[in-house]
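Colleague: Structure file input_28.cif, mmCIF, C-alpha atoms, is pasted below:
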```
data_target
#
loop_
_atom_site.label_atom_id
_atom_site.label_comp_id
_atom_site.auth_asym_id
_atom_site.auth_seq_id
_atom_site.Cartn_x
_atom_site.Cartn_y
_atom_site.Cartn_z
CA MET A 2 54.05 80.17 114.86
CA ARG A 3 55.70 77.94 112.30
CA LYS A 4 57.51 80.97 110.87
CA ALA A 5 58.76 81.94 114.33
CA LEU A 6 60.17 78.44 114.85
CA LEU A 7 61.65 78.26 111.37
CA LEU A 8 63.82 81.39 111.68
CA PRO A 9 65.90 80.15 114.66
CA ILE A 10 66.34 76.76 112.99
CA LEU A 11 67.42 78.43 109.74
CA GLY A 12 69.80 80.68 111.68
CA LEU A 13 71.31 77.68 113.46
CA PHE A 14 71.82 75.89 110.13
CA ILE A 15 73.56 78.92 108.60
CA GLY A 16 75.74 79.27 111.69
CA LEU A 17 76.81 75.62 111.59
CA THR A 18 77.52 75.85 107.86
CA THR A 19 79.64 78.98 108.37
CA GLN A 20 81.56 77.42 111.25
CA THR A 21 82.29 74.29 109.21
CA HIS A 22 83.50 76.38 106.28
CA THR A 23 85.71 78.49 108.56
CA ALA A 24 87.24 75.41 110.17
CA ASP A 25 88.01 73.88 106.77
CA ALA A 26 89.64 77.05 105.41
CA PRO A 27 93.44 77.12 105.92
CA GLY A 28 93.58 80.80 106.95
CA GLY A 29 96.65 82.88 107.83
CA THR A 30 99.95 81.93 106.23
CA LEU A 31 98.49 78.76 104.75
CA GLN A 32 95.76 80.76 103.00
CA LYS A 33 98.34 83.22 101.68
CA ILE A 34 100.46 80.37 100.28
CA LYS A 35 97.41 78.66 98.78
CA GLU A 36 96.29 81.83 96.99
CA THR A 37 99.73 82.86 95.70
CA LYS A 38 101.15 79.34 95.19
CA LEU A 39 104.33 80.80 96.65
CA ILE A 40 106.21 80.36 99.93
CA THR A 41 108.98 82.82 100.72
CA LEU A 42 111.95 81.91 102.90
CA GLY A 43 113.97 84.60 104.62
CA VAL A 44 117.62 83.53 104.30
CA ARG A 45 121.05 84.86 105.23
CA ASP A 46 124.05 85.44 102.98
CA SER A 47 126.82 84.84 105.54
CA SER A 48 125.56 82.75 108.48
CA ALA A 49 127.35 79.47 107.77
CA PRO A 50 126.51 76.70 108.36
CA PHE A 51 122.90 77.74 108.94
CA SER A 52 122.14 79.90 105.92
CA TYR A 53 124.70 81.20 103.43
CA LEU A 54 125.73 81.43 99.77
CA ASP A 55 127.57 78.58 98.07
CA ALA A 56 129.99 78.80 95.13
CA GLN A 57 127.07 79.18 92.69
CA GLN A 58 125.64 82.01 94.82
CA LYS A 59 122.72 79.80 95.84
CA HIS A 60 121.52 79.75 99.43
CA THR A 61 122.24 76.60 101.38
CA GLY A 62 122.71 75.50 104.99
CA TYR A 63 121.40 73.58 107.97
CA ALA A 64 118.46 75.93 108.71
CA ILE A 65 117.48 76.04 105.05
CA GLU A 66 117.43 72.24 104.93
CA VAL A 67 115.10 72.21 107.94
CA CYS A 68 112.89 74.87 106.32
CA LEU A 69 112.61 72.86 103.11
CA ARG A 70 111.26 69.93 105.15
CA ILE A 71 108.53 72.28 106.41
CA VAL A 72 107.86 73.45 102.83
CA ALA A 73 107.38 69.83 101.71
CA ALA A 74 104.81 69.31 104.49
CA VAL A 75 102.96 72.51 103.51
CA LYS A 76 102.75 71.34 99.89
CA LYS A 77 101.29 68.05 101.09
CA GLU A 78 98.87 69.75 103.50
CA LEU A 79 97.51 72.03 100.77
CA ASN A 80 97.74 69.34 98.05
CA LEU A 81 99.71 71.79 95.93
CA PRO A 82 102.99 70.13 94.82
CA ASP A 83 103.75 72.99 92.41
CA ILE A 84 104.11 75.68 95.11
CA LYS A 85 107.10 77.86 94.20
CA VAL A 86 109.82 78.46 96.79
CA GLU A 87 111.41 81.91 96.76
CA MET A 88 114.41 82.90 98.86
CA THR A 89 114.75 86.48 100.06
CA SER A 90 117.92 87.73 101.75
CA VAL A 91 117.38 89.24 105.20
CA THR A 92 119.66 90.73 107.83
CA SER A 93 119.48 90.84 111.61
CA ALA A 94 117.84 94.26 111.33
CA THR A 95 115.27 93.40 108.62
CA ARG A 96 114.19 89.83 109.44
CA ILE A 97 111.50 90.65 112.03
CA PRO A 98 109.91 93.56 110.08
CA LEU A 99 109.83 91.43 106.89
CA MET A 100 108.17 88.61 108.81
CA ALA A 101 105.64 90.92 110.43
CA ASN A 102 104.62 92.60 107.16
CA GLY A 103 104.17 89.31 105.30
CA THR A 104 107.17 89.56 102.95
CA ILE A 105 108.63 86.26 104.24
CA ASP A 106 106.81 83.21 105.59
CA LEU A 107 109.68 81.32 107.27
CA GLU A 108 112.98 82.77 108.46
CA CYS A 109 115.70 80.19 108.01
CA GLY A 110 118.87 81.31 109.70
CA SER A 111 120.56 81.78 113.06
CA THR A 112 117.91 83.70 114.98
CA THR A 113 117.79 83.53 118.76
CA ASN A 114 114.41 82.61 120.21
CA ASN A 115 113.83 84.77 123.29
CA ALA A 116 110.89 86.10 125.28
CA GLU A 117 111.29 89.65 123.95
CA ARG A 118 111.11 88.53 120.31
CA GLN A 119 108.12 86.32 121.05
CA LYS A 120 106.14 89.52 121.63
CA GLN A 121 106.43 90.16 117.86
CA VAL A 122 106.95 86.74 116.24
CA THR A 123 107.00 83.08 117.15
CA PHE A 124 109.38 80.16 116.62
CA THR A 125 109.28 76.48 115.88
CA ASN A 126 111.37 73.86 117.70
CA THR A 127 114.96 74.74 118.64
CA HIS A 128 117.53 73.62 116.06
CA PHE A 129 120.69 74.84 117.82
CA LEU A 130 122.03 76.14 121.12
CA THR A 131 124.66 78.88 121.12
CA ALA A 132 126.46 81.30 123.46
CA SER A 133 127.53 84.88 122.73
CA VAL A 134 131.32 85.42 122.70
CA PHE A 135 133.87 87.76 121.15
CA VAL A 136 136.64 87.16 118.64
CA ALA A 137 139.77 89.30 118.33
CA LYS A 138 143.18 89.11 116.74
CA LYS A 139 145.34 86.58 118.56
CA SER A 140 148.12 89.16 118.80
CA ALA A 141 145.85 91.46 120.86
CA ASN A 142 145.74 88.89 123.69
CA LEU A 143 142.15 89.73 124.66
CA LYS A 144 140.58 86.96 126.73
CA ARG A 145 137.92 88.30 129.08
CA ILE A 146 135.15 90.87 128.64
CA ASP A 147 136.96 93.37 130.89
CA ASP A 148 139.92 93.24 128.45
CA LEU A 149 137.70 95.16 125.99
CA LYS A 150 137.69 98.24 128.23
CA GLY A 151 138.06 101.48 126.27
CA LYS A 152 138.19 99.69 122.92
CA THR A 153 136.05 99.78 119.79
CA VAL A 154 133.93 96.64 119.52
CA VAL A 155 131.58 95.67 116.71
CA SER A 156 128.46 93.48 116.67
CA THR A 157 125.76 92.87 114.08
CA ALA A 158 122.93 95.44 114.00
CA GLY A 159 119.59 94.07 115.22
CA SER A 160 121.13 91.04 116.95
CA THR A 161 120.75 89.95 120.57
CA ASN A 162 124.55 90.06 120.74
CA ILE A 163 124.77 93.83 120.37
CA VAL A 164 122.20 94.17 123.18
CA GLN A 165 124.29 91.89 125.40
CA LEU A 166 127.43 93.86 124.53
CA GLU A 167 125.80 97.19 125.40
CA LYS A 168 124.46 95.74 128.66
CA ALA A 169 127.88 94.47 129.72
CA ASN A 170 129.42 97.79 128.70
CA ALA A 171 126.99 99.75 130.89
CA GLU A 172 127.03 97.39 133.88
CA ARG A 173 130.81 97.10 134.02
CA LYS A 174 131.45 100.74 133.02
CA LEU A 175 133.92 99.65 130.35
CA GLY A 176 133.72 102.70 128.09
CA ILE A 177 133.52 100.53 124.97
CA THR A 178 132.67 102.24 121.69
CA VAL A 179 130.01 99.96 120.21
CA ILE A 180 129.70 99.91 116.40
CA PRO A 181 126.88 98.10 114.54
CA ALA A 182 127.83 96.04 111.45
CA LYS A 183 125.36 95.42 108.63
CA ASP A 184 126.05 91.67 108.74
CA HIS A 185 128.32 89.07 110.33
CA ALA A 186 130.90 89.10 107.53
CA GLU A 187 131.40 92.85 107.91
CA GLY A 188 131.87 92.41 111.67
CA LEU A 189 134.79 90.01 111.30
CA LEU A 190 136.27 92.11 108.49
CA MET A 191 136.38 95.13 110.81
CA VAL A 192 138.51 93.13 113.24
CA GLU A 193 140.71 91.81 110.45
CA THR A 194 141.36 95.34 109.11
CA GLY A 195 141.89 96.91 112.53
CA ARG A 196 138.74 99.04 112.57
CA ALA A 197 137.55 97.20 115.69
CA ALA A 198 139.36 95.33 118.45
CA ALA A 199 136.73 92.59 118.72
CA PHE A 200 133.54 91.26 117.16
CA VAL A 201 130.73 89.96 119.41
CA MET A 202 128.52 87.23 117.95
CA ASP A 203 127.25 83.70 118.55
CA ASP A 204 130.08 81.21 118.96
CA VAL A 205 128.97 79.04 116.04
CA ILE A 206 128.71 82.01 113.65
CA ILE A 207 132.19 83.15 114.62
CA ALA A 208 133.53 79.61 114.17
CA GLY A 209 132.18 79.52 110.61
CA LEU A 210 133.48 82.96 109.70
CA VAL A 211 136.95 82.27 111.11
CA ALA A 212 137.16 78.86 109.42
CA GLY A 213 136.45 80.53 106.07
CA ALA A 214 138.83 83.48 106.59
CA LYS A 215 142.04 83.98 104.59
CA ASP A 216 144.12 83.39 107.72
CA PRO A 217 142.10 81.57 110.41
CA GLY A 218 145.15 81.47 112.68
CA MET A 219 144.99 85.25 113.01
CA PHE A 220 141.97 85.06 115.32
CA ALA A 221 141.25 83.86 118.85
CA LEU A 222 137.98 83.51 120.76
CA GLY A 223 137.55 85.18 124.12
CA SER A 224 137.27 82.82 127.08
CA GLU A 225 134.32 84.56 128.80
CA PRO A 226 130.84 84.35 127.25
CA PHE A 227 128.30 87.18 127.32
CA SER A 228 125.45 84.71 127.82
CA ARG A 229 124.50 81.15 128.71
CA PRO A 230 123.63 78.89 125.73
CA GLU A 231 120.51 80.24 123.98
CA PRO A 232 118.14 78.56 121.50
CA TYR A 233 117.96 79.21 117.76
CA GLY A 234 114.64 78.61 116.01
CA ILE A 235 112.99 78.96 112.62
CA MET A 236 110.95 82.16 112.90
CA LEU A 237 107.23 82.32 112.00
CA ARG A 238 104.48 84.93 112.14
CA LYS A 239 102.81 85.35 115.50
CA ASP A 240 99.21 84.21 116.14
CA ASP A 241 99.11 81.65 113.32
CA PRO A 242 98.56 78.36 115.15
CA ALA A 243 97.73 76.30 112.03
CA PHE A 244 101.04 77.12 110.34
CA LYS A 245 103.03 76.73 113.56
CA ALA A 246 101.42 73.32 114.15
CA ILE A 247 102.78 72.06 110.82
CA ALA A 248 106.24 73.52 111.48
CA ASP A 249 106.33 72.05 114.99
CA ARG A 250 105.20 68.61 113.84
CA VAL A 251 107.72 68.45 111.00
CA THR A 252 110.70 69.74 112.96
CA ALA A 253 109.93 67.40 115.86
CA GLU A 254 109.90 64.45 113.46
CA VAL A 255 113.09 65.59 111.72
CA PHE A 256 115.05 66.23 114.91
CA LYS A 257 114.03 62.96 116.57
CA LYS A 258 114.72 60.85 113.49
CA ASP A 259 117.49 62.68 111.59
CA GLY A 260 118.70 65.37 114.00
CA GLU A 261 122.08 63.86 114.84
CA ALA A 262 122.74 62.96 111.17
CA LEU A 263 121.95 66.53 110.10
CA TYR A 264 124.17 67.87 112.86
CA LYS A 265 127.04 65.68 111.68
CA LYS A 266 126.52 66.83 108.08
CA TRP A 267 126.66 70.57 108.87
CA PHE A 268 128.83 70.84 111.99
CA LEU A 269 131.22 67.88 111.90
CA SER A 270 131.92 67.47 108.17
CA PRO A 271 133.42 69.63 105.40
CA ILE A 272 130.78 71.94 103.93
CA PRO A 273 130.74 73.87 100.65
CA PRO A 274 132.01 76.00 99.09
CA LYS A 275 135.47 75.84 100.76
CA ASN A 276 135.04 72.45 102.43
CA ILE A 277 135.59 73.96 105.87
CA ASN A 278 134.71 71.90 108.93
CA MET A 279 133.11 73.65 111.92
CA ASN A 280 134.32 70.84 114.23
CA LEU A 281 131.64 71.66 116.80
CA ALA A 282 131.02 68.60 118.94
CA LEU A 283 127.43 67.63 119.71
CA THR A 284 127.04 68.73 123.32
CA PRO A 285 124.84 66.86 125.82
CA ALA A 286 122.50 69.88 125.93
CA MET A 287 122.16 69.91 122.13
CA LYS A 288 121.61 66.16 122.03
CA LYS A 289 118.84 66.56 124.61
CA ALA A 290 117.24 69.39 122.59
CA LEU A 291 117.10 67.22 119.46
CA ALA A 292 115.62 64.27 121.35
CA ASN A 293 113.03 66.42 123.15
CA PRO A 294 111.96 69.15 120.65
CA SER A 295 110.76 72.39 122.23
CA SER A 296 110.28 76.03 121.26
CA ASN A 297 110.85 77.24 124.82
CA PRO A 298 112.82 80.54 124.76
CA ASP A 299 114.25 80.05 128.28
CA PRO A 300 117.93 78.98 128.15
CA ALA A 301 117.55 77.27 131.53
CA SER A 302 115.13 74.74 130.03
CA TYR A 303 117.93 73.33 127.87
CA ALA A 304 120.40 72.65 130.71
CA ASP A 305 121.96 69.19 130.30
#
```
Using structure tokens, write down the structure that the file contains.

Modeller:
Amino acid sequence: MRKALLLPILGLFIGLTTQTHTADAPGGTLQKIKETKLITLGVRDSSAPFSYLDAQQKHTGYAIEVCLRIVAAVKKELNLPDIKVEMTSVTSATRIPLMANGTIDLECGSTTNNAERQKQVTFTNTHFLTASVFVAKKSANLKRIDDLKGKTVVSTAGSTNIVQLEKANAERKLGITVIPAKDHAEGLLMVETGRAAAFVMDDVIIAGLVAGAKDPGMFALGSEPFSRPEPYGIMLRKDDPAFKAIADRVTAEVFKKDGEALYKKWFLSPIPPKNINMNLALTPAMKKALANPSSNPDPASYAD
């Protein structure tokens, strides 16, 4: 009788001990970082001012600065100040696969947070709002999307912009020849060299590329957007609530306290390596997003 009573009690004790141990263990991305003492950031080479190479060929930018705040919090959470930070270059086409297979832990760039992508990955709080537009040579006098009819138009492979371009092409029956570029820099270069009539990308990315071009006055933005303003977010692995909780807490604190100062630093001031100034005013919608951090992928939720 005593033995029969003892076994359930022993089982309950083991179960409680196991549950306590499981709750204390970091798990997921945190466990990976703890074991390897390494956190890997997915970064871009030509997405100024979010993530790009400076004069010393080191990655810098607004999104990287936000990511490094998250890294600091992870070091504190794990009590491992010597965690190494490694930066791995990604493209629009490779960023999601490299996140999904564990190669990168945070993607620090200009990635649109939308419902479709949230089926594969997740995002922390929005750090920018952007709309998809096209840029062409000023001499071509292209202003509206219908002006692209029958022309060759480029957009970056794996981006939401190329999807929006193809959708507009099909819906409006424009007969556009759509060409994928390997990265943003190549897209603008194709317009500059006459291999494409226009390049479709986020307005802020185009602004940075044009500002850093040999002859910025050569280019002009189209007046009709392909989309309403959409949110950018730091990308994380899906189904990892412990890691997302840290990223959400840190970014919320940063945006509420330092968001407008960071915006001024990267979008309203000269930035390296060429000291170009994006001159992108802080919109009411963006100001609201910084004051009320959210990872909502719905553009309508950010209406000012």

Colleague: In terms of the shortest atom-to-atom distance over all atoms listed in the file, which of A:Ala186, A:Ala290, A:Val201, A:Met236 is closest to A:Ala248?

Modeller: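 Ranked by minimum distance to A:Ala248, first place goes to A:Met236.
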
Colleague: Could you tell me, as number ranges by chain, which residues have any atom at most 12 Å from (99.0, 91.9, 108.8), counting all atoms listed in the file?

Modeller: A: 29-30, 33, 98-104, 121, 238-241

Colleague: Could you write out that same residue set with C-alpha atoms as a PDB file, in the coordinates of the input?

Modeller:
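Generated file (part.pdb):
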```
ATOM      1  CA  GLY A  29      96.650  82.880 107.830  1.00  0.00           C
ATOM      2  CA  THR A  30      99.950  81.930 106.230  1.00  0.00           C
ATOM      3  CA  LYS A  33      98.340  83.220 101.680  1.00  0.00           C
ATOM      4  CA  PRO A  98     109.910  93.560 110.080  1.00  0.00           C
ATOM      5  CA  LEU A  99     109.830  91.430 106.890  1.00  0.00           C
ATOM      6  CA  MET A 100     108.170  88.610 108.810  1.00  0.00           C
ATOM      7  CA  ALA A 101     105.640  90.920 110.430  1.00  0.00           C
ATOM      8  CA  ASN A 102     104.620  92.600 107.160  1.00  0.00           C
ATOM      9  CA  GLY A 103     104.170  89.310 105.300  1.00  0.00           C
ATOM     10  CA  THR A 104     107.170  89.560 102.950  1.00  0.00           C
ATOM     11  CA  GLN A 121     106.430  90.160 117.860  1.00  0.00           C
ATOM     12  CA  ARG A 238     104.480  84.930 112.140  1.00  0.00           C
ATOM     13  CA  LYS A 239     102.810  85.350 115.500  1.00  0.00           C
ATOM     14  CA  ASP A 240      99.210  84.210 116.140  1.00  0.00           C
ATOM     15  CA  ASP A 241      99.110  81.650 113.320  1.00  0.00           C
TER      16      ASP A 241
END
```

Colleague: As a ChimeraX atom specification, please: the residues near A:Ala292 (cut-off 7 Å, only C-alpha atoms, same-chain neighbours under 2 positions excluded).

Modeller: /A:256-257,288-290,294

Colleague: Counting all atoms listed in the file, figure out which residue out of A:Val179, A:Asn293, A:Ala137, A:Ser270 gets nearest to A:Lys258.

Modeller: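 Using all atoms listed in the file, A:Lys258 sits closest to A:Asn293.
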
Colleague: Near A:Asp204, counting only C-alpha atoms, which residues have an atom at most 12 Å away, once you skip same-chain residues fewer than 4 positions from it, shown as a PyMOL selection string?

Modeller: chain A and resi 48-49+111+129-136+162+185+200+208-211+221-231+279+281

Colleague: Using the selection just defined, write its residues with C-alpha atoms as a tab-separated table (two decimals), in the frame of the given file.

Modeller:
```tsv
chain	number	residue	atom	x	y	z
A	48	SER	CA	125.56	82.75	108.48
A	49	ALA	CA	127.35	79.47	107.77
A	111	SER	CA	120.56	81.78	113.06
A	129	PHE	CA	120.69	74.84	117.82
A	130	LEU	CA	122.03	76.14	121.12
A	131	THR	CA	124.66	78.88	121.12
A	132	ALA	CA	126.46	81.30	123.46
A	133	SER	CA	127.53	84.88	122.73
A	134	VAL	CA	131.32	85.42	122.70
A	135	PHE	CA	133.87	87.76	121.15
A	136	VAL	CA	136.64	87.16	118.64
A	162	ASN	CA	124.55	90.06	120.74
A	185	HIS	CA	128.32	89.07	110.33
A	200	PHE	CA	133.54	91.26	117.16
A	208	ALA	CA	133.53	79.61	114.17
A	209	GLY	CA	132.18	79.52	110.61
A	210	LEU	CA	133.48	82.96	109.70
A	211	VAL	CA	136.95	82.27	111.11
A	221	ALA	CA	141.25	83.86	118.85
A	222	LEU	CA	137.98	83.51	120.76
A	223	GLY	CA	137.55	85.18	124.12
A	224	SER	CA	137.27	82.82	127.08
A	225	GLU	CA	134.32	84.56	128.80
A	226	PRO	CA	130.84	84.35	127.25
A	227	PHE	CA	128.30	87.18	127.32
A	228	SER	CA	125.45	84.71	127.82
A	229	ARG	CA	124.50	81.15	128.71
A	230	PRO	CA	123.63	78.89	125.73
A	231	GLU	CA	120.51	80.24	123.98
A	279	MET	CA	133.11	73.65	111.92
A	281	LEU	CA	131.64	71.66	116.80
```
